[in-house]
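Content type mmCIF, C-alpha atoms, from the file protein-v9.cif:
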data_work
loop_
_atom_site.label_atom_id
_atom_site.label_comp_id
_atom_site.auth_asym_id
_atom_site.auth_seq_id
_atom_site.Cartn_x
_atom_site.Cartn_y
_atom_site.Cartn_z
CA MET A 4 0.00 0.00 0.00
CA LEU A 5 1.03 3.60 -0.63
CA ASP A 6 0.15 6.78 1.26
CA ASP A 7 -1.41 9.97 -0.06
CA ARG A 8 -0.03 13.44 0.72
CA TYR A 9 -1.78 13.43 4.10
CA GLY A 10 -0.45 10.05 5.19
CA ASN A 11 -3.60 8.02 4.45
CA ALA A 12 -2.88 4.45 3.31
CA MET A 13 -4.39 3.53 -0.06
CA THR A 14 -4.99 0.15 -1.63
CA THR A 15 -2.71 0.52 -4.64
CA LYS A 16 0.85 -0.54 -5.42
CA SER A 17 1.18 1.80 -8.39
CA THR A 18 3.25 4.90 -7.70
CA GLU A 19 1.96 6.35 -10.97
CA ALA A 20 -1.63 5.90 -9.78
CA ARG A 21 -0.79 7.33 -6.35
CA ASP A 22 0.93 10.40 -7.80
CA ALA A 23 -1.92 11.10 -10.21
CA TYR A 24 -4.43 10.69 -7.39
CA VAL A 25 -2.55 13.15 -5.18
CA GLU A 26 -2.49 15.59 -8.08
CA GLY A 27 -6.24 15.22 -8.55
CA VAL A 28 -6.94 15.78 -4.86
CA ASP A 29 -4.80 18.92 -4.87
CA HIS A 30 -6.71 20.25 -7.87
CA ILE A 31 -9.97 19.80 -5.96
CA LEU A 32 -8.57 21.40 -2.81
CA ALA A 33 -7.13 24.36 -4.72
CA ALA A 34 -10.13 24.66 -7.08
CA THR A 35 -7.76 24.51 -10.04
CA TYR A 36 -8.44 22.91 -13.42
CA GLY A 37 -7.27 19.36 -14.14
CA ALA A 38 -8.81 17.12 -11.48
CA SER A 39 -10.82 14.90 -13.83
CA GLU A 40 -7.83 14.26 -16.06
CA ALA A 41 -5.58 13.45 -13.10
CA PHE A 42 -8.04 11.00 -11.53
CA SER A 43 -8.59 9.38 -14.93
CA ARG A 44 -4.84 8.80 -15.19
CA ALA A 45 -4.85 7.30 -11.70
CA ALA A 46 -7.65 4.89 -12.63
CA LYS A 47 -5.91 3.94 -15.86
CA ALA A 48 -2.63 3.28 -14.06
CA ASP A 49 -4.40 0.97 -11.59
CA PRO A 50 -7.85 -0.23 -12.75
CA GLU A 51 -8.43 -1.75 -9.27
CA PHE A 52 -7.87 1.55 -7.44
CA ALA A 53 -11.23 2.37 -5.85
CA LEU A 54 -10.26 5.82 -4.60
CA ALA A 55 -9.26 6.91 -8.09
CA GLU A 56 -12.82 6.25 -9.25
CA ALA A 57 -14.28 7.98 -6.20
CA GLY A 58 -12.03 10.97 -6.85
CA LEU A 59 -13.09 10.99 -10.48
CA ALA A 60 -16.72 11.00 -9.38
CA ARG A 61 -16.06 14.04 -7.20
CA ALA A 62 -14.23 15.84 -9.99
CA LEU A 63 -16.99 15.12 -12.50
CA MET A 64 -19.52 16.60 -10.09
CA TYR A 65 -17.56 19.84 -10.36
CA ASP A 66 -17.55 19.43 -14.14
CA ASN A 67 -21.37 19.22 -14.00
CA ASP A 68 -21.18 15.74 -15.55
CA MET A 69 -23.54 13.96 -13.19
CA ALA A 70 -23.99 10.93 -15.44
CA GLY A 71 -20.23 10.43 -15.58
CA ALA A 72 -19.93 10.97 -11.83
CA LYS A 73 -22.55 8.33 -11.09
CA ALA A 74 -20.83 5.87 -13.42
CA ALA A 75 -17.49 6.50 -11.69
CA ILE A 76 -18.88 6.03 -8.19
CA GLY A 77 -20.57 2.84 -9.40
CA ARG A 78 -17.18 1.52 -10.45
CA ALA A 79 -15.73 2.55 -7.08
CA GLU A 80 -18.47 0.59 -5.32
CA THR A 81 -17.52 -2.57 -7.19
CA LEU A 82 -13.88 -2.09 -6.18
CA LYS A 83 -14.57 -1.56 -2.45
CA PRO A 84 -14.13 -5.19 -1.34
CA GLY A 85 -10.56 -5.72 -0.29
CA THR A 86 -9.90 -2.04 0.49
CA THR A 87 -9.44 -0.54 3.93
CA GLU A 88 -12.33 0.54 6.14
CA ARG A 89 -11.36 4.17 5.57
CA GLU A 90 -11.49 3.77 1.82
CA GLN A 91 -14.86 2.03 2.01
CA ARG A 92 -16.35 4.88 4.07
CA HIS A 93 -14.77 7.35 1.67
CA VAL A 94 -16.59 5.74 -1.26
CA ASP A 95 -19.81 5.60 0.77
CA ILE A 96 -19.71 9.37 1.29
CA PHE A 97 -19.68 10.17 -2.42
CA SER A 98 -22.22 7.44 -3.11
CA ALA A 99 -24.59 9.19 -0.68
CA MET A 100 -23.97 12.55 -2.30
CA LEU A 101 -24.60 11.20 -5.78
CA SER A 102 -27.75 9.36 -4.75
CA GLY A 103 -29.34 12.58 -3.47
CA GLN A 104 -28.81 11.95 0.25
CA PRO A 105 -26.98 15.09 1.50
CA VAL A 106 -27.97 14.61 5.15
CA LEU A 107 -26.61 11.05 5.15
CA ALA A 108 -23.45 12.24 3.42
CA ARG A 109 -22.96 15.06 5.93
CA ASP A 110 -23.51 12.79 8.93
CA THR A 111 -21.20 10.15 7.46
CA ILE A 112 -18.44 12.70 6.90
CA LYS A 113 -18.66 14.01 10.46
CA ALA A 114 -18.36 10.48 11.81
CA HIS A 115 -15.64 9.62 9.31
CA VAL A 116 -13.33 12.54 10.15
CA ALA A 117 -13.49 11.63 13.82
CA ASP A 118 -11.40 8.58 12.88
CA SER A 119 -9.71 9.90 9.72
CA PRO A 120 -9.47 13.69 10.09
CA CYS A 121 -6.90 14.03 7.32
CA ASP A 122 -8.96 12.28 4.68
CA ALA A 123 -9.02 15.67 2.97
CA LEU A 124 -11.13 14.85 -0.09
CA ALA A 125 -13.90 13.48 2.12
CA ALA A 126 -13.57 16.25 4.71
CA GLN A 127 -13.66 18.86 1.96
CA ALA A 128 -17.29 18.15 1.12
CA CYS A 129 -18.41 19.72 4.42
CA THR A 130 -16.19 22.80 4.15
CA ASN A 131 -16.91 26.06 2.31
CA VAL A 132 -20.19 27.97 2.23
CA PHE A 133 -21.29 25.81 -0.71
CA GLY A 134 -20.60 22.53 1.06
CA LEU A 135 -22.86 20.13 2.90
CA ILE A 136 -22.87 22.27 6.05
CA GLY A 137 -23.22 25.50 4.11
CA PHE A 138 -26.25 24.17 2.25
CA SER A 139 -27.74 22.34 5.22
CA GLY A 140 -30.55 24.86 5.71
CA CYS A 141 -29.89 24.69 9.44
CA THR A 142 -30.05 27.65 11.77
CA GLY A 143 -26.54 28.52 12.94
CA ARG A 144 -24.84 26.82 10.04
CA GLU A 145 -22.07 29.47 9.97
CA ALA A 146 -21.18 28.57 13.56
CA ASP A 147 -21.39 24.88 12.63
CA LEU A 148 -18.92 25.43 9.79
CA LEU A 149 -16.54 27.29 12.12
CA ALA A 150 -16.72 24.49 14.69
CA TYR A 151 -16.02 21.92 11.95
CA THR A 152 -12.92 23.63 10.53
CA ALA A 153 -11.68 24.63 14.01
CA TRP A 154 -11.72 20.97 15.05
CA LEU A 155 -10.01 19.81 11.87
CA SER A 156 -7.31 22.48 11.69
CA PRO A 157 -4.93 21.13 14.37
CA HIS A 158 -4.77 17.81 12.55
CA TYR A 159 -3.41 19.51 9.40
CA GLY A 160 -0.75 21.83 10.82
CA ASP A 161 0.59 24.34 8.30
CA ASP A 162 -1.42 23.01 5.38
CA TRP A 163 -2.33 25.54 2.69
CA TRP A 164 -5.75 24.02 2.01
CA MET A 165 -6.99 23.74 5.58
CA MET A 166 -5.74 27.23 6.37
CA SER A 167 -7.91 28.64 3.60
CA MET A 168 -10.95 26.64 4.73
CA HIS A 169 -10.67 27.74 8.34
CA ALA A 170 -9.99 31.32 7.25
CA LEU A 171 -13.32 31.40 5.44
CA SER A 172 -15.12 30.11 8.52
CA LEU A 173 -13.51 32.92 10.51
CA CYS A 174 -14.52 35.45 7.90
CA GLU A 175 -18.16 34.37 7.85
CA THR A 176 -18.36 34.67 11.64
CA GLY A 177 -16.94 38.19 11.70
CA GLN A 178 -13.31 37.46 12.59
CA ILE A 179 -11.97 39.38 9.63
CA GLN A 180 -8.37 40.16 10.60
CA LYS A 181 -7.74 36.60 11.77
CA SER A 182 -9.18 35.43 8.47
CA LEU A 183 -6.94 37.73 6.41
CA ASP A 184 -3.83 36.72 8.36
CA LEU A 185 -4.51 33.01 7.91
CA MET A 186 -5.37 33.46 4.23
CA GLU A 187 -2.06 35.20 3.60
CA ARG A 188 -0.21 32.26 5.18
CA SER A 189 -2.14 29.89 2.90
CA LEU A 190 -1.29 31.92 -0.20
CA GLU A 191 2.37 32.10 0.77
CA LEU A 192 2.45 28.31 0.69
CA ASN A 193 0.42 27.96 -2.51
CA ASN A 194 -0.45 31.15 -4.37
CA ALA A 195 -2.29 29.08 -6.99
CA ASN A 196 -4.89 28.07 -4.38
CA ALA A 197 -8.03 29.63 -5.89
CA ASN A 198 -9.97 28.87 -2.72
CA ALA A 199 -7.62 31.10 -0.74
CA SER A 200 -7.78 33.80 -3.39
CA HIS A 201 -11.56 33.59 -3.32
CA PHE A 202 -11.81 33.72 0.44
CA LYS A 203 -9.31 36.58 0.61
CA SER A 204 -11.72 38.49 -1.63
CA HIS A 205 -14.51 37.78 0.85
CA ALA A 206 -12.43 39.00 3.78
CA GLN A 207 -11.48 42.14 1.86
CA TYR A 208 -15.15 42.73 1.12
CA GLU A 209 -16.09 42.35 4.77
CA ALA A 210 -13.30 44.76 5.73
CA GLY A 211 -14.48 47.33 3.17
CA MET A 212 -11.14 47.18 1.32
CA LYS A 213 -12.47 48.43 -2.02
CA ASP A 214 -9.21 49.51 -3.62
CA GLU A 215 -7.21 46.55 -2.31
CA GLY A 216 -9.91 44.09 -3.37
CA LEU A 217 -10.10 45.36 -6.93
CA GLY A 218 -6.34 45.54 -7.28
CA TYR A 219 -5.79 42.07 -5.88
CA LEU A 220 -8.14 40.34 -8.30
CA LYS A 221 -6.89 42.35 -11.27
CA ASP A 222 -3.42 40.98 -10.50
CA TRP A 223 -4.34 37.40 -9.52
CA LEU A 224 -7.18 36.41 -11.84
CA PRO A 225 -5.42 36.59 -15.27
CA ASP A 226 -3.22 33.61 -14.33
CA TYR A 227 -6.17 31.43 -13.31
CA ASP A 228 -7.41 28.99 -15.97
CA ARG A 229 -10.89 30.12 -17.00
CA ARG A 230 -11.92 26.44 -16.91
CA GLY A 231 -11.28 26.45 -13.16
CA ILE A 232 -14.46 26.06 -11.15
CA LEU A 233 -14.07 29.43 -9.41
CA HIS A 234 -13.20 31.55 -12.46
CA GLY A 235 -16.75 32.76 -13.00
CA HIS A 236 -17.31 33.47 -9.32
CA LEU A 237 -14.01 35.28 -8.87
CA SER A 238 -14.99 37.31 -11.91
CA TRP A 239 -18.20 38.17 -10.04
CA HIS A 240 -16.10 39.52 -7.19
CA LEU A 241 -14.09 41.58 -9.69
CA ALA A 242 -17.26 42.91 -11.33
CA LEU A 243 -18.75 43.73 -7.93
CA TRP A 244 -15.65 45.72 -7.01
CA ALA A 245 -15.94 47.49 -10.36
CA LEU A 246 -19.58 48.36 -9.58
CA HIS A 247 -18.57 49.75 -6.20
CA HIS A 248 -15.95 51.92 -7.94
CA GLY A 249 -18.43 53.09 -10.57
CA ASP A 250 -16.39 51.46 -13.34
CA LEU A 251 -19.32 50.22 -15.42
CA GLU A 252 -17.15 49.47 -18.44
CA LEU A 253 -15.13 46.97 -16.43
CA MET A 254 -18.24 45.58 -14.77
CA TRP A 255 -20.12 44.87 -18.00
CA SER A 256 -17.07 43.59 -19.87
CA THR A 257 -16.42 41.14 -17.03
CA VAL A 258 -20.06 40.02 -17.00
CA ASP A 259 -20.09 39.37 -20.73
CA ALA A 260 -16.69 37.67 -20.81
CA SER A 261 -16.79 35.50 -17.70
CA ILE A 262 -20.03 35.50 -15.66
CA ALA A 263 -23.24 35.43 -17.72
CA PRO A 264 -24.77 32.34 -19.37
CA GLY A 265 -22.76 31.33 -22.40
CA ALA A 266 -19.66 33.13 -21.14
CA SER A 267 -18.89 31.31 -17.89
CA GLU A 268 -17.70 27.72 -17.59
CA SER A 269 -18.74 27.60 -13.93
CA LEU A 270 -21.47 25.42 -12.45
CA PRO A 271 -25.04 26.52 -13.26
CA ILE A 272 -25.68 27.61 -9.67
CA ASN A 273 -22.83 30.11 -9.92
CA VAL A 274 -23.83 31.33 -13.36
CA LEU A 275 -27.39 31.98 -12.21
CA THR A 276 -26.77 33.41 -8.75
CA ASP A 277 -23.78 35.56 -9.64
CA THR A 278 -25.37 37.06 -12.74
CA ALA A 279 -28.74 37.72 -11.08
CA ALA A 280 -27.17 39.27 -7.99
CA LEU A 281 -24.90 41.55 -10.00
CA TYR A 282 -27.73 42.71 -12.28
CA PHE A 283 -29.96 43.57 -9.36
CA ARG A 284 -27.24 45.23 -7.33
CA ALA A 285 -26.45 47.35 -10.38
CA GLN A 286 -30.11 48.34 -10.56
CA LEU A 287 -30.18 49.18 -6.87
CA ALA A 288 -27.17 51.42 -7.50
CA GLY A 289 -29.18 53.28 -10.13
CA HIS A 290 -27.79 51.69 -13.29
CA GLU A 291 -29.94 50.38 -16.12
CA VAL A 292 -29.95 46.66 -16.88
CA ALA A 293 -31.32 45.91 -20.32
CA PRO A 294 -34.57 43.88 -20.30
CA GLU A 295 -32.95 41.45 -22.73
CA ARG A 296 -30.39 40.55 -20.10
CA TRP A 297 -33.07 39.64 -17.60
CA ALA A 298 -35.03 37.69 -20.23
CA THR A 299 -31.98 35.65 -21.22
CA LEU A 300 -31.15 34.90 -17.60
CA SER A 301 -34.76 33.95 -16.84
CA ARG A 302 -34.71 31.40 -19.65
CA TYR A 303 -31.41 30.04 -18.36
CA ALA A 304 -32.82 29.70 -14.84
CA SER A 305 -35.81 27.74 -16.15
CA GLU A 306 -33.58 25.38 -18.12
CA ALA A 307 -30.88 24.90 -15.48
CA PHE A 308 -33.27 24.60 -12.50
CA PRO A 309 -36.60 23.31 -13.83
CA LYS A 310 -37.59 22.05 -10.38
CA SER A 311 -37.32 23.84 -7.06
CA GLY A 312 -35.26 22.39 -4.22
CA GLN A 313 -31.89 24.16 -4.34
CA SER A 314 -33.04 27.05 -2.18
CA PHE A 315 -30.13 29.40 -2.86
CA ALA A 316 -30.60 28.98 -6.60
CA ASP A 317 -34.38 29.22 -6.25
CA ILE A 318 -34.40 32.71 -4.75
CA HIS A 319 -32.16 33.96 -7.55
CA ALA A 320 -34.26 32.22 -10.18
CA ALA A 321 -37.33 33.92 -8.73
CA LEU A 322 -35.56 37.27 -9.01
CA THR A 323 -34.78 36.72 -12.68
CA HIS A 324 -38.36 35.67 -13.44
CA ALA A 325 -39.74 38.70 -11.61
CA MET A 326 -37.48 41.12 -13.45
CA ALA A 327 -38.17 39.40 -16.79
CA GLY A 328 -41.93 39.31 -16.22
CA ASP A 329 -42.23 35.51 -16.40
CA GLY A 330 -45.28 35.17 -14.15
CA ALA A 331 -45.75 31.44 -14.57
CA GLU A 332 -42.22 30.52 -13.46
CA LEU A 333 -42.37 33.07 -10.67
CA ASP A 334 -45.68 31.70 -9.41
CA ARG A 335 -44.17 28.22 -9.24
CA LEU A 336 -41.44 29.42 -6.88
CA ALA A 337 -43.79 31.69 -4.94
CA GLN A 338 -45.72 28.58 -3.90
CA THR A 339 -42.90 26.10 -3.37
CA THR A 340 -42.12 24.33 -0.13
CA ASN A 341 -39.31 22.23 -1.61
CA GLY A 342 -35.70 22.47 -0.55
CA TYR A 343 -33.51 22.64 2.51
CA ALA A 344 -34.80 26.19 3.17
CA GLY A 345 -37.98 25.94 1.15
CA ASP A 346 -40.00 27.81 3.75
CA LEU A 347 -37.94 30.93 2.98
CA VAL A 348 -38.01 30.67 -0.81
CA ALA A 349 -41.71 31.40 -1.31
CA PRO A 350 -41.81 34.69 0.65
CA VAL A 351 -38.64 35.89 -1.09
CA ALA A 352 -40.17 35.04 -4.46
CA ARG A 353 -43.33 36.91 -3.55
CA ALA A 354 -41.20 39.87 -2.44
CA TRP A 355 -39.47 39.97 -5.83
CA ARG A 356 -42.87 39.94 -7.50
CA ALA A 357 -44.02 42.86 -5.35
CA ILE A 358 -40.82 44.78 -6.05
CA ALA A 359 -41.24 44.31 -9.80
CA ALA A 360 -44.75 45.76 -9.42
CA GLN A 361 -43.43 48.52 -7.12
CA ASN A 362 -45.76 47.29 -4.40
CA TRP A 363 -43.42 48.23 -1.59
CA ASP A 364 -45.72 47.51 1.35
CA VAL A 365 -46.20 43.91 0.21
CA ALA A 366 -42.48 43.53 -0.44
CA LEU A 367 -41.71 44.71 3.09
CA ALA A 368 -44.26 42.34 4.61
CA GLU A 369 -42.84 39.37 2.71
CA LEU A 370 -39.16 40.11 3.38
CA THR A 371 -39.37 41.07 7.04
CA PRO A 372 -39.76 37.55 8.51
CA VAL A 373 -37.02 36.22 6.21
CA MET A 374 -34.35 38.66 7.33
CA SER A 375 -33.83 37.18 10.79
CA ASP A 376 -32.43 33.87 9.50
CA HIS A 377 -31.69 34.13 5.79
CA ALA A 378 -28.31 32.46 6.43
CA ARG A 379 -30.28 29.22 6.13
CA LEU A 380 -30.61 29.90 2.39
CA GLY A 381 -26.88 29.35 1.96
CA GLY A 382 -24.18 31.38 0.28
CA SER A 383 -21.78 33.83 1.86
CA ARG A 384 -22.53 37.04 3.69
CA ALA A 385 -21.43 38.93 0.59
CA GLN A 386 -23.91 37.01 -1.54
CA ARG A 387 -26.77 37.41 0.93
CA ASP A 388 -26.17 41.16 0.92
CA LEU A 389 -28.48 41.03 -2.07
CA LEU A 390 -31.30 40.60 0.45
CA GLU A 391 -29.91 43.15 2.90
CA LEU A 392 -29.65 45.81 0.20
CA THR A 393 -33.06 44.92 -1.20
CA TYR A 394 -34.65 45.27 2.22
CA ALA A 395 -32.97 48.65 2.75
CA ASN A 396 -34.15 49.80 -0.67
CA VAL A 397 -37.74 48.80 0.10
CA LEU A 398 -37.59 50.82 3.31
CA LEU A 399 -36.24 53.81 1.38
CA ARG A 400 -39.05 53.49 -1.16
CA LEU A 401 -41.51 53.69 1.71
CA GLY A 402 -39.90 56.83 3.05
CA LYS A 403 -38.28 55.01 5.96
CA GLY A 404 -34.74 56.26 5.38
CA ALA A 405 -33.79 56.42 9.03
CA GLU A 406 -34.94 52.84 9.54
CA ALA A 407 -32.99 51.69 6.48
CA GLU A 408 -29.83 53.34 7.77
CA ARG A 409 -30.35 51.90 11.23
CA MET A 410 -30.96 48.44 9.79
CA LEU A 411 -27.77 48.44 7.72
CA THR A 412 -25.71 49.96 10.53
CA THR A 413 -26.94 47.26 12.89
CA ARG A 414 -26.89 44.25 10.57
CA ARG A 415 -24.27 45.06 7.92
CA PRO A 416 -22.21 48.09 8.92
CA VAL A 417 -19.80 47.51 6.04
CA LEU A 418 -22.63 48.31 3.63
CA SER A 419 -23.68 51.37 5.58
CA SER A 420 -20.23 52.88 5.93
CA VAL A 421 -18.63 51.95 2.63
CA PHE A 422 -21.01 50.89 -0.10
CA LYS A 423 -24.09 53.04 0.28
CA ASN A 424 -22.66 56.00 -1.66
#

Transcribe the structure of this file into structure tokens.
Amino acid sequence: MLDDRYGNAMTTKSTEARDAYVEGVDHILAATYGASEAFSRAAKADPEFALAEAGLARALMYDNDMAGAKAAIGRAETLKPGTTEREQRHVDIFSAMLSGQPVLARDTIKAHVADSPCDALAAQACTNVFGLIGFSGCTGREADLLAYTAWLSPHYGDDWWMMSMHALSLCETGQIQKSLDLMERSLELNNANANASHFKSHAQYEAGMKDEGLGYLKDWLPDYDRRGILHGHLSWHLALWALHHGDLELMWSTVDASIAPGASESLPINVLTDTAALYFRAQLAGHEVAPERWATLSRYASEAFPKSGQSFADIHAALTHAMAGDGAELDRLAQTTNGYAGDLVAPVARAWRAIAAQNWDVALAELTPVMSDHARLGGSRAQRDLLELTYANVLLRLGKGAEAERMLTTRRPVLSSVFKN
């Protein structure tokens, strides 16, 4: 048996397979392009290597090739006999994810890391705001994510990946300077780590570092392969900084080159949510968004998410349908109860409908009960600022400027002090 980079024993005697597997894992951990190809090489070098197929399944999930991912995990299942208990649980985790059992997968990972904390590819599925904890729909999920990465961190020492994961947890719980310091250490060890670059952008946003944030991404992003899973989302951060600086030329050129449908190679959830959020934030800032843009995005939302259930995507889909005037699709989401935070989707959808009709009293009534716990919808604080800014705008429309200012100052002071002008 050979060990991976974290010292986990693997049932393979092929150094070529081991090296390709380690490369694939590092691509996943750094959110860099090349994981599927690396895991495919590992599986070819050792056709009996179960973890290579499990890794390939994970990589193909990021490639949005769910059929290929399910085929790969099926092959991993057939190769489980004769592997170690750790490897068998590892395969079970991705089998649960690919069979639509996120709660089982999350519970299995938490039990698994108690025995195998440095099984990084398995542990990774519960990290990040888009992971199984981030999209749990549970109240307090930001604190849960912090507790998870805080427990794991000592097992990894000075590891560039785990530093970036824990730094994000710190950022999302308001520990901004600690987050920035840890992120810099991660980037010093591996500047190609797109996760660290991404989370540094979040920390800069939370700190109100407008000039530094724009400058950092302008320098870092050109060297990142646009096929990388975070390219579209990092481009969203760049476009958002451009909006905050009033540089509409940069904002729109970034949207059309790297964020919008047809331009981005990111996962559909990122294409939809990033584009919708940027369009609406531009409108809130007083800039015109062409109706054709909303119509195109509304059609994309209907095609990419024909059924409700992914609550974070659903609220953005509802926004696109409201702005595009697609009443039928909007009505579907305004009545849904599906999803890990389905109880919050319907009132948000109804609020978008009221906003499109300039019915501000109704919009306020629908949004108010959502605001206390919209973290359950998923996404980062920066992404959920779409709701914070929308709520403040509704209050302003109703002549409640003092209340809007008080709300932002209390809930999101960074918006009040930096981004409101």

query = So which one's closest to Leu270 in chain A, A:Arg230, A:His290, A:His247, A:Arg296? Using all atoms listed in the file, please.
reply =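 Looking at the shortest contact to Leu270 in chain A, the residue is A:Arg230.
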
task = For the file shown, report as a VMD selection string the outcome of the PyMOL selection byres ((chain A and resi 258) around 9) at residue level.
result = chain A and resid 235 238 to 239 242 253 to 257 259 to 263 266 to 267 278 281

Save the residues we just selected, C-alpha atoms, as a JSON list (two decimals), in the coordinates of the input?
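Result file is again_5.json:
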[["chain", "number", "residue", "atom", "x", "y", "z"],
["A", 235, "GLY", "CA", -16.75, 32.76, -13.00],
["A", 238, "SER", "CA", -14.99, 37.31, -11.91],
["A", 239, "TRP", "CA", -18.20, 38.17, -10.04],
["A", 242, "ALA", "CA", -17.26, 42.91, -11.33],
["A", 253, "LEU", "CA", -15.13, 46.97, -16.43],
["A", 254, "MET", "CA", -18.24, 45.58, -14.77],
["A", 255, "TRP", "CA", -20.12, 44.87, -18.00],
["A", 256, "SER", "CA", -17.07, 43.59, -19.87],
["A", 257, "THR", "CA", -16.42, 41.14, -17.03],
["A", 259, "ASP", "CA", -20.09, 39.37, -20.73],
["A", 260, "ALA", "CA", -16.69, 37.67, -20.81],
["A", 261, "SER", "CA", -16.79, 35.50, -17.70],
["A", 262, "ILE", "CA", -20.03, 35.50, -15.66],
["A", 263, "ALA", "CA", -23.24, 35.43, -17.72],
["A", 266, "ALA", "CA", -19.66, 33.13, -21.14],
["A", 267, "SER", "CA", -18.89, 31.31, -17.89],
["A", 278, "THR", "CA", -25.37, 37.06, -12.74],
["A", 281, "LEU", "CA", -24.90, 41.55, -10.00]]

ask   = Mind pulling up the distance from CA of Asp7 in chain A to CA of Phe97 in chain A?
value = 18.4 Å

message = Rounded to one decimal, what separation in Å do you get between CA of Glu187 in chain A and CA of Leu148 in chain A?
response =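 Computed distance, CA of Glu187 in chain A to CA of Leu148 in chain A, equals 20.4 Å.
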
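Using all atoms listed in the file, the smallest distance between any of A:Leu135, A:Leu300, A:Cys121, A:Leu251 and Gly265 in chain A comes from A:Leu300.
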
task = Quick one: apply the PyMOL selection byres ((chain A and resi 62) around 9) to the file and drop the selected residues here as a ChimeraX atom specification.
result = /A:27-28,30-31,37-40,42,57-61,63-68,72

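Considering the residues A:Glu88, A:Asp49, A:Ala33, A:Asp388 and counting all atoms listed in the file, Ser17 in chain A has its shortest atom-to-atom contact with A:Asp49.
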
How would range 403-415 of chain A read, as a compact mmCIF listing (two decimals), in the coordinates of the input, once N, CA, C and O atoms are built in?
# COMPACT_ATOMS: atom_id res chain seq x y z
N LYS A 403 -38.81 55.39 4.65
CA LYS A 403 -38.28 55.01 5.96
C LYS A 403 -36.75 55.01 5.92
O LYS A 403 -36.08 54.03 6.23
N GLY A 404 -36.18 56.17 5.53
CA GLY A 404 -34.74 56.26 5.38
C GLY A 404 -33.98 56.03 6.67
O GLY A 404 -32.95 55.36 6.68
N ALA A 405 -34.48 56.59 7.75
CA ALA A 405 -33.79 56.42 9.03
C ALA A 405 -33.78 54.95 9.45
O ALA A 405 -32.78 54.45 9.98
N GLU A 406 -34.88 54.26 9.20
CA GLU A 406 -34.94 52.84 9.54
C GLU A 406 -33.99 52.03 8.67
O GLU A 406 -33.34 51.09 9.15
N ALA A 407 -33.91 52.39 7.38
CA ALA A 407 -32.99 51.69 6.48
C ALA A 407 -31.55 51.86 6.93
O ALA A 407 -30.77 50.90 6.96
N GLU A 408 -31.19 53.10 7.30
CA GLU A 408 -29.83 53.34 7.77
C GLU A 408 -29.55 52.59 9.07
O GLU A 408 -28.48 52.00 9.25
N ARG A 409 -30.51 52.59 9.96
CA ARG A 409 -30.35 51.90 11.23
C ARG A 409 -30.22 50.40 11.01
O ARG A 409 -29.40 49.72 11.66
N MET A 410 -31.01 49.87 10.08
CA MET A 410 -30.96 48.44 9.79
C MET A 410 -29.59 48.04 9.25
O MET A 410 -28.97 47.07 9.73
N LEU A 411 -29.07 48.78 8.28
CA LEU A 411 -27.77 48.44 7.72
C LEU A 411 -26.66 48.64 8.74
O LEU A 411 -25.73 47.83 8.83
N THR A 412 -26.74 49.70 9.52
CA THR A 412 -25.71 49.96 10.53
C THR A 412 -25.68 48.85 11.56
O THR A 412 -24.61 48.45 12.05
N THR A 413 -26.85 48.32 11.89
CA THR A 413 -26.94 47.26 12.89
C THR A 413 -26.54 45.90 12.32
O THR A 413 -25.77 45.15 12.93
N ARG A 414 -27.06 45.59 11.13
CA ARG A 414 -26.89 44.25 10.57
C ARG A 414 -25.63 44.13 9.71
O ARG A 414 -24.93 43.12 9.77
N ARG A 415 -25.38 45.12 8.87
CA ARG A 415 -24.27 45.06 7.92
C ARG A 415 -23.57 46.41 7.84
O ARG A 415 -23.68 47.14 6.85
